[in-house]
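What follows is work.cif (mmCIF, C-alpha atoms (C1' of nucleotides)).
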data_run
loop_
_atom_site.label_atom_id
_atom_site.label_comp_id
_atom_site.auth_asym_id
_atom_site.auth_seq_id
_atom_site.Cartn_x
_atom_site.Cartn_y
_atom_site.Cartn_z
CA MET A 1 7.39 22.33 3.36
CA ALA A 2 4.33 20.91 1.72
CA LYS A 3 4.07 17.16 1.71
CA ARG A 4 4.93 15.40 -1.49
CA SER A 5 1.91 14.35 -3.48
CA TYR A 6 1.29 12.60 -6.75
CA LYS A 7 -1.28 15.27 -7.56
CA GLN A 8 -3.60 12.83 -9.22
CA ASN A 9 -7.31 13.19 -8.84
CA CYS A 10 -7.74 9.52 -8.07
CA ALA A 11 -8.72 7.82 -4.85
CA LEU A 12 -5.83 5.38 -5.01
CA ALA A 13 -3.31 8.15 -5.49
CA ARG A 14 -4.75 10.07 -2.57
CA SER A 15 -4.53 6.96 -0.40
CA VAL A 16 -0.95 6.40 -1.41
CA ASP A 17 -0.19 10.04 -0.75
CA VAL A 18 -1.06 9.32 2.88
CA VAL A 19 0.08 5.75 3.50
CA GLY A 20 2.48 5.13 0.62
CA GLU A 21 5.64 6.41 2.19
CA ARG A 22 8.26 4.13 3.54
CA TRP A 23 7.41 2.45 6.88
CA THR A 24 3.91 3.86 7.06
CA LEU A 25 1.91 0.70 6.36
CA LEU A 26 4.14 -1.29 8.65
CA LEU A 27 3.40 1.13 11.46
CA ILE A 28 -0.30 0.80 10.75
CA ARG A 29 0.05 -2.97 10.93
CA ASP A 30 1.60 -2.76 14.39
CA LEU A 31 -1.09 -0.38 15.58
CA LEU A 32 -3.84 -2.65 14.28
CA VAL A 33 -2.88 -5.10 17.02
CA ALA A 34 -2.71 -2.63 19.86
CA PRO A 35 -1.71 0.93 20.74
CA ARG A 36 2.05 1.25 20.98
CA ARG A 37 4.66 3.45 22.47
CA PHE A 38 7.47 5.12 20.59
CA ARG A 39 9.99 2.58 21.74
CA ASP A 40 7.76 -0.35 20.79
CA LEU A 41 7.57 0.89 17.24
CA LEU A 42 11.25 1.69 17.15
CA GLN A 43 12.06 -1.85 18.17
CA SER A 44 9.61 -3.42 15.74
CA GLN A 45 10.73 -1.42 12.72
CA LYS A 46 14.41 -2.18 12.78
CA GLY A 47 16.36 0.37 10.85
CA ILE A 48 13.90 3.21 10.91
CA GLY A 49 15.83 5.72 13.04
CA THR A 50 14.28 7.93 15.66
CA ASN A 51 14.00 10.98 13.46
CA LEU A 52 12.13 9.16 10.72
CA LEU A 53 9.79 7.44 13.16
CA ALA A 54 8.99 10.75 14.79
CA ALA A 55 8.33 12.29 11.39
CA ARG A 56 6.05 9.46 10.26
CA LEU A 57 4.07 9.57 13.47
CA LYS A 58 3.60 13.29 13.07
CA GLU A 59 2.43 12.87 9.50
CA LEU A 60 -0.01 10.16 10.46
CA GLU A 61 -1.31 12.22 13.31
CA SER A 62 -1.90 15.30 11.19
CA ALA A 63 -3.54 13.12 8.55
CA GLY A 64 -5.90 11.94 11.26
CA LEU A 65 -4.99 8.25 11.15
CA ILE A 66 -3.50 8.02 14.61
CA GLU A 67 -3.74 9.94 17.82
CA ARG A 68 -1.17 10.47 20.45
CA ARG A 69 -2.37 9.80 23.95
CA THR A 70 -0.72 10.81 27.15
CA GLU A 71 -1.08 8.09 29.72
CA ASP A 72 -0.63 8.13 33.45
CA GLY A 73 2.96 8.94 34.23
CA GLY A 74 3.32 11.14 31.19
CA VAL A 75 4.30 8.44 28.74
CA HIS A 76 2.83 8.70 25.29
CA SER A 77 1.13 6.04 23.27
CA TYR A 78 -0.06 6.04 19.71
CA ALA A 79 -3.38 4.53 18.70
CA LEU A 80 -5.32 4.32 15.48
CA THR A 81 -8.34 6.53 14.98
CA GLN A 82 -11.44 5.31 13.17
CA SER A 83 -9.92 6.52 9.96
CA GLY A 84 -6.80 4.50 10.68
CA ILE A 85 -8.74 1.40 11.62
CA ALA A 86 -10.55 1.72 8.32
CA LEU A 87 -7.30 0.83 6.60
CA GLU A 88 -7.50 -2.70 7.94
CA PRO A 89 -9.19 -4.23 4.89
CA ALA A 90 -6.46 -2.85 2.66
CA VAL A 91 -3.72 -4.09 4.96
CA LEU A 92 -5.27 -7.55 5.18
CA ALA A 93 -5.60 -7.69 1.39
CA LEU A 94 -1.91 -6.90 1.07
CA VAL A 95 -1.13 -9.59 3.64
CA ARG A 96 -3.06 -12.14 1.60
CA TRP A 97 -1.25 -11.09 -1.53
CA GLY A 98 2.06 -11.39 0.23
CA LEU A 99 1.25 -14.89 1.45
CA ALA A 100 0.10 -16.12 -1.94
CA HIS A 101 2.26 -14.16 -4.37
CA GLY A 102 4.94 -12.31 -2.45
CA PRO A 103 8.60 -13.21 -2.29
CA LYS A 104 9.79 -15.97 -0.04
CA ASN A 105 10.94 -15.25 3.46
CA GLN A 106 14.69 -14.75 3.80
CA PRO A 107 16.50 -16.59 6.60
CA GLY A 108 17.95 -13.62 8.44
CA ASP A 109 14.76 -11.57 8.52
CA HIS A 110 13.50 -10.04 11.69
CA HIS A 111 10.39 -11.66 13.05
CA GLN A 112 7.85 -10.63 15.64
CA ASP A 113 5.14 -13.00 16.74
CA ASP A 114 2.37 -10.43 16.90
CA TRP A 115 2.66 -9.93 13.14
CA ASP A 116 1.31 -13.44 12.79
CA LEU A 117 -1.80 -12.36 14.63
CA VAL A 118 -2.52 -9.96 11.77
CA ALA A 119 -1.72 -12.59 9.17
CA LEU A 120 -4.07 -15.03 10.84
CA LYS A 121 -6.83 -12.45 10.84
CA ALA A 122 -6.24 -11.96 7.13
CA LEU A 123 -6.88 -15.63 6.54
CA PHE A 124 -10.06 -15.75 8.58
CA GLN A 125 -13.06 -16.93 6.58
CA SER A 126 -16.29 -15.60 8.00
CA GLN A 127 -18.49 -18.15 6.22
CA ARG A 128 -16.47 -21.01 7.66
CA ALA A 129 -16.90 -19.69 11.18
CA GLY A 130 -20.69 -19.75 11.14
CA ASP A 131 -21.86 -19.03 14.67
CA LEU A 132 -18.61 -20.10 16.26
CA LEU A 133 -17.99 -18.27 19.50
CA LEU A 134 -14.66 -18.65 21.25
CA THR A 135 -11.59 -16.92 22.55
CA VAL A 136 -8.02 -18.11 22.19
CA GLN A 137 -5.04 -17.16 24.25
CA PHE A 138 -1.50 -17.40 22.87
CA GLU A 139 1.37 -17.60 25.30
CA THR A 140 5.05 -17.67 24.53
CA ASP A 141 8.12 -15.62 25.15
CA GLY A 142 7.50 -13.55 22.03
CA LEU A 143 3.75 -13.17 22.28
CA THR A 144 1.05 -12.78 24.85
CA GLY A 145 -2.00 -12.14 22.78
CA TRP A 146 -5.49 -13.30 22.06
CA MET A 147 -8.00 -13.80 19.32
CA ALA A 148 -11.77 -13.83 19.68
CA ILE A 149 -14.31 -15.08 17.17
CA ALA A 150 -17.92 -14.02 17.54
CA GLY A 151 -20.71 -13.38 15.07
CA GLY A 152 -18.49 -14.19 12.13
CA VAL A 153 -16.03 -11.49 13.11
CA VAL A 154 -12.54 -11.92 14.47
CA THR A 155 -10.84 -9.60 16.93
CA ILE A 156 -7.24 -9.64 18.10
CA GLY A 157 -5.24 -7.99 20.81
CA LEU A 158 -2.23 -8.11 23.09
CA GLY A 159 -2.33 -9.21 26.69
CA ARG A 160 -4.63 -11.69 28.34
CA VAL A 161 -8.33 -12.39 28.21
CA PRO A 162 -9.93 -13.76 31.36
CA ASP A 163 -11.63 -17.01 30.39
CA ALA A 164 -10.12 -18.23 27.15
CA ASP A 165 -11.67 -21.36 25.64
CA LEU A 166 -8.28 -22.36 24.31
CA VAL A 167 -4.89 -21.54 25.76
CA ILE A 168 -1.99 -22.29 23.48
CA ASP A 169 1.53 -22.53 24.70
CA GLY A 170 3.15 -21.58 21.43
CA THR A 171 3.22 -19.17 18.58
CA ILE A 172 0.83 -19.04 15.67
CA GLY A 173 3.58 -20.32 13.42
CA GLU A 174 4.13 -23.32 15.65
CA LEU A 175 0.45 -24.04 15.81
CA PHE A 176 -0.51 -23.66 12.16
CA VAL A 177 2.60 -24.42 10.23
CA ALA A 178 5.10 -26.40 12.22
CA SER A 179 2.97 -28.66 14.35
CA GLU A 180 1.93 -32.16 13.33
CA ASN A 181 0.07 -32.57 16.59
CA PRO A 182 -1.28 -29.14 17.45
CA GLU A 183 -3.14 -30.47 20.48
CA THR A 184 0.18 -30.94 22.25
CA LEU A 185 0.42 -27.16 22.50
CA LEU A 186 -2.83 -26.92 24.42
CA THR A 187 -2.69 -25.72 28.00
CA ALA A 188 -6.46 -25.44 28.26
CA GLY A 189 -9.37 -26.43 26.05
CA SER A 190 -10.26 -29.53 24.14
CA PRO A 191 -8.50 -30.85 21.02
CA GLU A 192 -11.90 -30.90 19.27
CA MET A 193 -12.40 -27.22 19.87
CA LEU A 194 -8.88 -26.54 18.64
CA LYS A 195 -9.64 -28.43 15.46
CA ARG A 196 -12.81 -26.44 14.95
CA TYR A 197 -10.90 -23.24 15.56
CA MET A 198 -8.22 -24.06 13.03
CA SER A 199 -10.83 -24.94 10.42
CA VAL A 200 -12.03 -21.39 9.97
CA PHE A 201 -8.83 -20.17 8.33
CA ALA A 202 -7.84 -20.46 4.71
CA LEU A 203 -4.27 -21.59 5.03
CA ARG A 204 -2.22 -21.84 1.89
CA SER A 205 -1.56 -25.37 0.73
CA MET B 1 22.87 -4.17 -6.17
CA ALA B 2 20.28 -6.03 -4.14
CA LYS B 3 16.91 -4.43 -3.82
CA ARG B 4 16.10 -2.64 -0.63
CA SER B 5 14.01 -4.65 1.73
CA TYR B 6 12.51 -4.18 5.17
CA LYS B 7 13.83 -7.62 6.07
CA GLN B 8 10.80 -8.46 8.13
CA ASN B 9 9.42 -11.96 8.13
CA CYS B 10 5.89 -10.73 7.64
CA ALA B 11 3.59 -11.05 4.66
CA LEU B 12 2.74 -7.37 4.68
CA ALA B 13 6.37 -6.35 4.71
CA ARG B 14 7.12 -8.69 1.83
CA SER B 15 4.23 -7.22 -0.14
CA VAL B 16 5.42 -3.72 0.51
CA ASP B 17 8.94 -4.75 -0.47
CA VAL B 18 7.51 -5.43 -3.92
CA VAL B 19 4.78 -2.85 -4.43
CA GLY B 20 5.57 -0.26 -1.80
CA GLU B 21 7.96 1.89 -3.74
CA ARG B 22 6.96 5.17 -5.21
CA TRP B 23 4.72 4.95 -8.32
CA THR B 24 4.40 1.19 -8.22
CA LEU B 25 0.78 0.86 -7.12
CA LEU B 26 -0.25 3.62 -9.50
CA LEU B 27 1.27 1.69 -12.38
CA ILE B 28 -0.59 -1.42 -11.27
CA ARG B 29 -3.80 0.59 -11.23
CA ASP B 30 -3.29 1.65 -14.84
CA LEU B 31 -2.50 -1.89 -15.90
CA LEU B 32 -5.59 -3.22 -14.17
CA VAL B 33 -7.64 -1.43 -16.81
CA ALA B 34 -5.66 -2.57 -19.84
CA PRO B 35 -2.15 -3.36 -21.04
CA ARG B 36 -0.22 -0.19 -21.68
CA ARG B 37 2.76 1.06 -23.57
CA PHE B 38 5.68 2.93 -22.10
CA ARG B 39 4.42 6.24 -23.34
CA ASP B 40 0.92 5.64 -21.99
CA LEU B 41 2.30 5.14 -18.51
CA LEU B 42 4.64 8.07 -18.85
CA GLN B 43 1.74 10.32 -19.72
CA SER B 44 -0.48 8.99 -16.96
CA GLN B 45 2.12 9.28 -14.22
CA LYS B 46 3.06 12.90 -14.59
CA GLY B 47 6.40 13.63 -13.00
CA ILE B 48 7.79 10.16 -12.95
CA GLY B 49 10.76 10.62 -15.29
CA THR B 50 11.68 8.10 -17.92
CA ASN B 51 14.50 6.53 -15.97
CA LEU B 52 12.34 5.84 -12.97
CA LEU B 53 9.52 4.43 -15.09
CA ALA B 54 11.96 2.12 -16.83
CA ALA B 55 13.39 1.03 -13.49
CA ARG B 56 9.96 0.33 -12.00
CA LEU B 57 8.86 -1.68 -15.00
CA LYS B 58 12.01 -3.74 -14.81
CA GLU B 59 11.51 -4.38 -11.11
CA LEU B 60 7.90 -5.39 -11.62
CA GLU B 61 8.87 -7.66 -14.46
CA SER B 62 11.56 -9.42 -12.50
CA ALA B 63 9.17 -9.76 -9.56
CA GLY B 64 6.78 -11.49 -11.92
CA LEU B 65 3.93 -9.00 -11.66
CA ILE B 66 4.01 -7.78 -15.23
CA GLU B 67 5.26 -9.08 -18.53
CA ARG B 68 6.61 -7.17 -21.44
CA ARG B 69 5.07 -8.18 -24.74
CA THR B 70 6.34 -7.38 -28.17
CA GLU B 71 3.46 -6.64 -30.48
CA ASP B 72 3.25 -6.54 -34.26
CA GLY B 73 5.46 -3.75 -35.49
CA GLY B 74 7.93 -4.18 -32.68
CA VAL B 75 6.24 -1.94 -30.15
CA HIS B 76 6.26 -3.10 -26.57
CA SER B 77 3.38 -3.29 -24.18
CA TYR B 78 3.22 -4.14 -20.51
CA ALA B 79 0.52 -6.37 -19.08
CA LEU B 80 -0.20 -7.78 -15.65
CA THR B 81 0.48 -11.43 -14.98
CA GLN B 82 -1.79 -13.51 -12.77
CA SER B 83 0.31 -12.50 -9.83
CA GLY B 84 -0.17 -8.86 -10.76
CA ILE B 85 -3.89 -9.24 -11.27
CA ALA B 86 -4.05 -10.79 -7.81
CA LEU B 87 -3.22 -7.38 -6.40
CA GLU B 88 -6.58 -6.04 -7.47
CA PRO B 89 -8.37 -6.67 -4.16
CA ALA B 90 -5.68 -4.70 -2.34
CA VAL B 91 -5.82 -1.85 -4.85
CA LEU B 92 -9.61 -1.69 -4.65
CA ALA B 93 -9.47 -1.68 -0.86
CA LEU B 94 -7.11 1.28 -0.98
CA VAL B 95 -9.42 3.02 -3.43
CA ARG B 96 -12.33 2.58 -1.05
CA TRP B 97 -10.26 3.92 1.80
CA GLY B 98 -9.24 6.90 -0.28
CA LEU B 99 -12.84 7.68 -1.16
CA ALA B 100 -14.08 7.44 2.40
CA HIS B 101 -11.12 8.63 4.45
CA GLY B 102 -8.49 10.04 2.14
CA PRO B 103 -7.66 13.70 1.67
CA LYS B 104 -9.83 15.87 -0.51
CA ASN B 105 -9.07 16.33 -4.15
CA GLN B 106 -6.99 19.42 -4.92
CA PRO B 107 -8.12 21.69 -7.77
CA GLY B 108 -5.03 21.51 -9.95
CA ASP B 109 -4.64 17.76 -9.83
CA HIS B 110 -4.17 15.73 -12.95
CA HIS B 111 -7.15 13.59 -13.85
CA GLN B 112 -7.62 10.72 -16.21
CA ASP B 113 -11.05 9.30 -16.87
CA ASP B 114 -10.02 5.67 -16.91
CA TRP B 115 -9.05 5.93 -13.24
CA ASP B 116 -12.75 6.35 -12.53
CA LEU B 117 -13.35 2.98 -14.08
CA VAL B 118 -11.24 1.43 -11.34
CA ALA B 119 -12.93 3.50 -8.66
CA LEU B 120 -16.33 2.41 -9.91
CA LYS B 121 -15.27 -1.20 -9.79
CA ALA B 122 -14.16 -0.67 -6.19
CA LEU B 123 -17.66 0.47 -5.30
CA PHE B 124 -19.40 -2.44 -6.98
CA GLN B 125 -21.58 -4.45 -4.60
CA SER B 126 -21.99 -7.99 -5.76
CA GLN B 127 -25.03 -8.69 -3.61
CA ARG B 128 -26.83 -5.69 -5.05
CA ALA B 129 -26.23 -6.89 -8.59
CA GLY B 130 -27.97 -10.24 -8.15
CA ASP B 131 -28.24 -11.82 -11.57
CA LEU B 132 -27.91 -8.54 -13.43
CA LEU B 133 -26.35 -9.02 -16.84
CA LEU B 134 -25.40 -6.01 -18.90
CA THR B 135 -22.62 -4.14 -20.63
CA VAL B 136 -22.06 -0.41 -20.54
CA GLN B 137 -20.09 1.68 -22.99
CA PHE B 138 -18.59 5.02 -21.96
CA GLU B 139 -17.74 7.50 -24.66
CA THR B 140 -16.07 10.86 -24.29
CA ASP B 141 -12.92 12.61 -25.34
CA GLY B 142 -11.06 11.31 -22.35
CA LEU B 143 -12.40 7.80 -22.22
CA THR B 144 -13.55 5.07 -24.50
CA GLY B 145 -14.11 2.19 -22.15
CA TRP B 146 -16.63 -0.35 -21.01
CA MET B 147 -17.89 -2.18 -17.99
CA ALA B 148 -19.65 -5.53 -17.95
CA ILE B 149 -21.63 -7.07 -15.12
CA ALA B 150 -22.34 -10.77 -15.17
CA GLY B 151 -22.76 -13.38 -12.48
CA GLY B 152 -22.16 -10.87 -9.74
CA VAL B 153 -18.77 -9.96 -11.15
CA VAL B 154 -17.74 -6.75 -12.84
CA THR B 155 -15.19 -6.45 -15.62
CA ILE B 156 -13.73 -3.31 -17.14
CA GLY B 157 -11.65 -2.44 -20.16
CA LEU B 158 -10.68 0.14 -22.72
CA GLY B 159 -12.09 0.32 -26.22
CA ARG B 160 -15.50 -0.71 -27.45
CA VAL B 161 -17.76 -3.67 -26.88
CA PRO B 162 -20.03 -4.65 -29.76
CA ASP B 163 -23.59 -4.62 -28.38
CA ALA B 164 -23.64 -2.53 -25.25
CA ASP B 165 -26.93 -2.39 -23.37
CA LEU B 166 -26.16 1.15 -22.33
CA VAL B 167 -24.10 3.70 -24.20
CA ILE B 168 -23.23 6.76 -22.19
CA ASP B 169 -21.99 9.95 -23.76
CA GLY B 170 -20.07 11.15 -20.75
CA THR B 171 -17.58 10.29 -18.10
CA ILE B 172 -18.21 8.31 -14.95
CA GLY B 173 -17.91 11.46 -12.92
CA GLU B 174 -20.55 13.20 -15.00
CA LEU B 175 -22.84 10.22 -14.71
CA PHE B 176 -22.56 9.42 -11.02
CA VAL B 177 -21.63 12.65 -9.38
CA ALA B 178 -22.49 15.65 -11.49
CA SER B 179 -25.68 14.68 -13.22
CA GLU B 180 -29.12 15.39 -11.87
CA ASN B 181 -30.69 13.72 -14.87
CA PRO B 182 -28.35 10.90 -15.80
CA GLU B 183 -30.67 9.65 -18.53
CA THR B 184 -29.79 12.70 -20.61
CA LEU B 185 -26.35 11.19 -21.14
CA LEU B 186 -27.79 8.07 -22.73
CA THR B 187 -27.05 7.42 -26.37
CA ALA B 188 -28.51 3.93 -26.23
CA GLY B 189 -30.46 1.93 -23.66
CA SER B 190 -33.41 2.68 -21.45
CA PRO B 191 -33.45 5.03 -18.46
CA GLU B 192 -34.83 2.15 -16.39
CA MET B 193 -31.84 -0.01 -17.17
CA LEU B 194 -29.53 2.88 -16.35
CA LYS B 195 -31.21 3.27 -13.00
CA ARG B 196 -30.81 -0.43 -12.29
CA TYR B 197 -27.17 -0.20 -13.32
CA MET B 198 -26.44 2.71 -11.04
CA SER B 199 -28.10 0.95 -8.12
CA VAL B 200 -25.43 -1.71 -7.78
CA PHE B 201 -22.75 0.69 -6.58
CA ALA B 202 -22.17 1.91 -3.06
CA LEU B 203 -21.62 5.59 -3.68
CA ARG B 204 -20.59 7.72 -0.78
CA SER B 205 -23.30 9.97 0.57
"C1'" DC C 1 13.65 7.52 30.23
"C1'" DG C 2 11.03 8.98 26.04
"C1'" DG C 3 11.47 11.34 22.32
"C1'" DA C 4 13.12 15.33 19.47
"C1'" DA C 5 16.82 17.74 16.96
"C1'" DT C 6 21.42 17.74 14.60
"C1'" DC C 7 24.89 16.10 11.48
"C1'" DC C 8 26.73 13.43 7.97
"C1'" DT C 9 26.72 9.88 4.36
"C1'" DC C 10 24.35 7.33 1.14
"C1'" DT C 11 20.51 6.25 -1.82
"C1'" DT C 12 16.61 7.50 -4.42
"C1'" DC C 13 14.00 10.80 -7.00
"C1'" DG C 14 12.95 13.99 -10.71
"C1'" DA C 15 14.02 16.59 -14.69
"C1'" DT C 16 16.43 17.01 -18.82
"C1'" DA C 17 19.49 15.68 -22.37
"C1'" DC C 18 20.93 12.12 -25.14
"C1'" DT C 19 20.99 7.49 -27.95
"C1'" DG C 20 19.61 3.00 -30.49
"C1'" DC D 1 9.27 5.47 -29.55
"C1'" DA D 2 11.57 3.45 -25.91
"C1'" DG D 3 14.48 3.72 -23.24
"C1'" DT D 4 19.81 5.15 -21.05
"C1'" DA D 5 22.97 8.72 -18.96
"C1'" DT D 6 23.62 12.41 -16.09
"C1'" DC D 7 23.25 15.48 -12.25
"C1'" DG D 8 21.24 18.50 -8.67
"C1'" DA D 9 17.67 17.97 -5.07
"C1'" DA D 10 15.30 15.47 -1.73
"C1'" DG D 11 14.73 11.65 1.35
"C1'" DA D 12 16.54 7.72 4.13
"C1'" DG D 13 19.62 5.73 7.61
"C1'" DG D 14 22.67 5.72 11.47
"C1'" DA D 15 24.96 7.80 15.32
"C1'" DT D 16 24.97 11.09 18.61
"C1'" DT D 17 23.35 14.82 21.32
"C1'" DC D 18 19.93 17.64 23.54
"C1'" DC D 19 15.83 18.37 26.40
"C1'" DG D 20 11.81 17.62 29.62
#
Once more with this new file: its structure as structure tokens, please.
Amino acid sequence: MAKRSYKQNCALARSVDVVGERWTLLLIRDLLVAPRRFRDLLQSQKGIGTNLLAARLKELESAGLIERRTEDGGVHSYALTQSGIALEPAVLALVRWGLAHGPKNQPGDHHQDDWDLVALKALFQSQRAGDLLLTVQFETDGLTGWMAIAGGVVTIGLGRVPDADLVIDGTIGELFVASENPETLLTAGSPEMLKRYMSVFALRS
Amino acid sequence: MAKRSYKQNCALARSVDVVGERWTLLLIRDLLVAPRRFRDLLQSQKGIGTNLLAARLKELESAGLIERRTEDGGVHSYALTQSGIALEPAVLALVRWGLAHGPKNQPGDHHQDDWDLVALKALFQSQRAGDLLLTVQFETDGLTGWMAIAGGVVTIGLGRVPDADLVIDGTIGELFVASENPETLLTAGSPEMLKRYMSVFALRS
DNA sequence: CGGAATCCTCTTCGATACTG
DNA sequence: CAGTATCGAAGAGGATTCCG
């Protein structure tokens, strides 16, 4: 069965032919943070069903956006290829649109802290960072992840970095939205550095 | 019936809840060039079916991305709101991805020249334009449209502009891709100005 | 245990016919 | 011209089962 296509000779239509199906961009978002295993994705995308997840992963693999790796012990993990990573600007643009113009969050919605890592990256302003050079570690039940800023570029990931300049005992939401005194969340690093760090993002008013 | 949602508390998911359904982004693309009538969209999006087009337009209207205007004579037209226009960066990012990483164009695909206007805008490089100030008119069977560059910003539209600096008797594809001697397509304007114009875009190699 | 295949129900899509 | 109504086909969603 040939894949469904809009059959329009247009770059947008060809993009949407690949990433426009249900769940696809959300899978890309998860993989932009780190490689994932089948069960990670299944848990993140509540409601997808194993058959549909398997189908999407196969489509993305044959389209060359992800590759399936076999790790020690025979478990598989899925990681973005260069072509998949190249979707990041489009994903971040959609994140920014969602923050500024999208619908409001509904109370019962599922939430995963690592999604905020992507949202924060979308709000990063290179010109505000200047030559800022620092790494930040986030630590809570829902998230063990980091963000590094260097050369006007931001990088994110899961896990721990060795010598973080800031260690934050809280989520990104707690830090940027809910906290009046963000320095109280600091486990390591100075409040001044935290202030400088927070100044490089364009948070909505 | 409530609209289907991923129910994820994530800006990307909320964006995709609004614009992730089939045909939606392609409609936005068409409306980024100019307001359109029902029949225009129906013709552009081959295969959509009138019921689905009507449903999508209603969804987009109630999400606040487009508005339905009643023009003189009682005909309706659909135009993007500010919230809809704000999707342009995301659309252009997807266009760039499609050009660089998307699947190849298939021979039988439908093509519409005004789509190229959007693609060209996606390839515009503000820093290459500098203080360039000019308007370009495209004229062929399939397209009567224009592009203006001013202050490092590019604007596009359908129809005619009064005093174009360049008038090109051909499509964007003919000009940028298929022509060895692009100046032969000039109806008005100097070959030097055409060369300068073409230099502000990042065409793929 | 990780993931693929099966089955069944429900929703959405796509094409055509029809109506104000 | 701008939609609505209808209906068969395709896709999505959920549970369960199979397989290495």
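Taking CA of Ala188 (chain A) as the reference point, CA of Leu133 (chain A) is found at 16.2 Å.
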Between chain D and chain A, at 9 Å or less, what are the per-residue closest atom pairs and their distances in Å? Count all atoms listed in the file, order by chain and rising residue number, and return it as a Markdown table.
| residue | atom | partner | partner_atom | distance |
| --- | --- | --- | --- | --- |
| D:DA12 | C1' | A:Leu52 | CA | 8.1 |
| D:DG13 | C1' | A:Gly49 | CA | 6.6 |
| D:DG14 | C1' | A:Gly49 | CA | 7.0 |
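The nearest approach to chain C among the residues B:Val18, B:Ala55, B:Ala79, B:Ala13, with all atoms listed in the file taken into account, belongs to B:Ala55.
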### Message
Starting from the PyMOL selection byres ((chain C and resi 8) around 12), expand the selection into actual residues of this file and give them as an NGL selection string.
### Response
(:C and (6-7 or 9-10)) or (:D and (13-16))
Q. Any idea which chain C residues end up within 9 Å of chain B if we count all atoms listed in the file, as a PyMOL selection string please?
A. chain C and resi 13-15
Go ahead and dump the residues you just picked, C-alpha atoms (C1' of nucleotides), as an mmCIF file, keeping the file's coordinate frame.
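New file part38.cif:
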data_model
loop_
_atom_site.group_PDB
_atom_site.id
_atom_site.type_symbol
_atom_site.label_atom_id
_atom_site.label_comp_id
_atom_site.auth_asym_id
_atom_site.auth_seq_id
_atom_site.Cartn_x
_atom_site.Cartn_y
_atom_site.Cartn_z
ATOM 1 C "C1'" DC C 13 14.000 10.800 -7.000
ATOM 2 C "C1'" DG C 14 12.950 13.990 -10.710
ATOM 3 C "C1'" DA C 15 14.020 16.590 -14.690
#
Taken to one decimal, the CA of Pro103 (chain B)-CA of Val118 (chain B) distance is 18.2 Å
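Across the structure, CA of Glu183 (chain B) and CA of Thr135 (chain B) are spaced 16.1 Å apart.
Minimum atom-to-atom distances from B:Pro162, B:Gly74, B:Gly98, B:Gly142 to chain A were compared using all atoms listed in the file, and the lowest value belongs to B:Gly98.
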Q.
Translate the PyMOL selection byres ((chain B) within 9 of (chain A)) into a concrete residue list for this structure, as a ChimeraX atom specification.
A. /B:6-18,20-23,25-26,29,45-47,63,83-84,86-87,89-112,115-116,119
* Apply the PyMOL selection byres ((chain C and resi 1-5) around 9) to the file shown and report the selected residues as a PyMOL selection string. => (chain A and resi 38-39+50-51+54+75-76) or (chain C and resi 6) or (chain D and resi 17-19)
Mind dumping the selected residues with C-alpha atoms (C1' of nucleotides) as a PDB file, keeping the file's coordinate frame?
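New file part02.pdb:
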ATOM      1  CA  PHE A  38       7.470   5.120  20.590  1.00  0.00           C
ATOM      2  CA  ARG A  39       9.990   2.580  21.740  1.00  0.00           C
ATOM      3  CA  THR A  50      14.280   7.930  15.660  1.00  0.00           C
ATOM      4  CA  ASN A  51      14.000  10.980  13.460  1.00  0.00           C
ATOM      5  CA  ALA A  54       8.990  10.750  14.790  1.00  0.00           C
ATOM      6  CA  VAL A  75       4.300   8.440  28.740  1.00  0.00           C
ATOM      7  CA  HIS A  76       2.830   8.700  25.290  1.00  0.00           C
TER       8      HIS A  76
ATOM      9  C1'  DT C   6      21.420  17.740  14.600  1.00  0.00           C
TER      10       DT C   6
ATOM     11  C1'  DT D  17      23.350  14.820  21.320  1.00  0.00           C
ATOM     12  C1'  DC D  18      19.930  17.640  23.540  1.00  0.00           C
ATOM     13  C1'  DC D  19      15.830  18.370  26.400  1.00  0.00           C
TER      14       DC D  19
END
Counting all atoms listed in the file, closest pick from B:Leu203, B:Leu57, B:Leu31, B:Ala150 relative to DG3 (chain D) is B:Leu57
Write out as a PyMOL selection string the residues lying within 12 Å of DG20 (chain C), counting only C-alpha atoms (C1' of nucleotides) and excluding same-chain residues fewer than 2 positions away. (chain C and resi 18) or (chain D and resi 1-4)
- Message: What's around Asp165 (chain A) at 10 Å? Count only C-alpha atoms (C1' of nucleotides), leave out sequence neighbours fewer than 4 positions away in its own chain, and write the answer as a ChimeraX atom specification.
- Response: /A:133-137,148,161,188-190,193-194
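Closest approach to Lys58 (chain B) among B:Leu42, B:Thr155, B:Tyr78, B:Arg160 is made by B:Tyr78 (distances from all atoms listed in the file).
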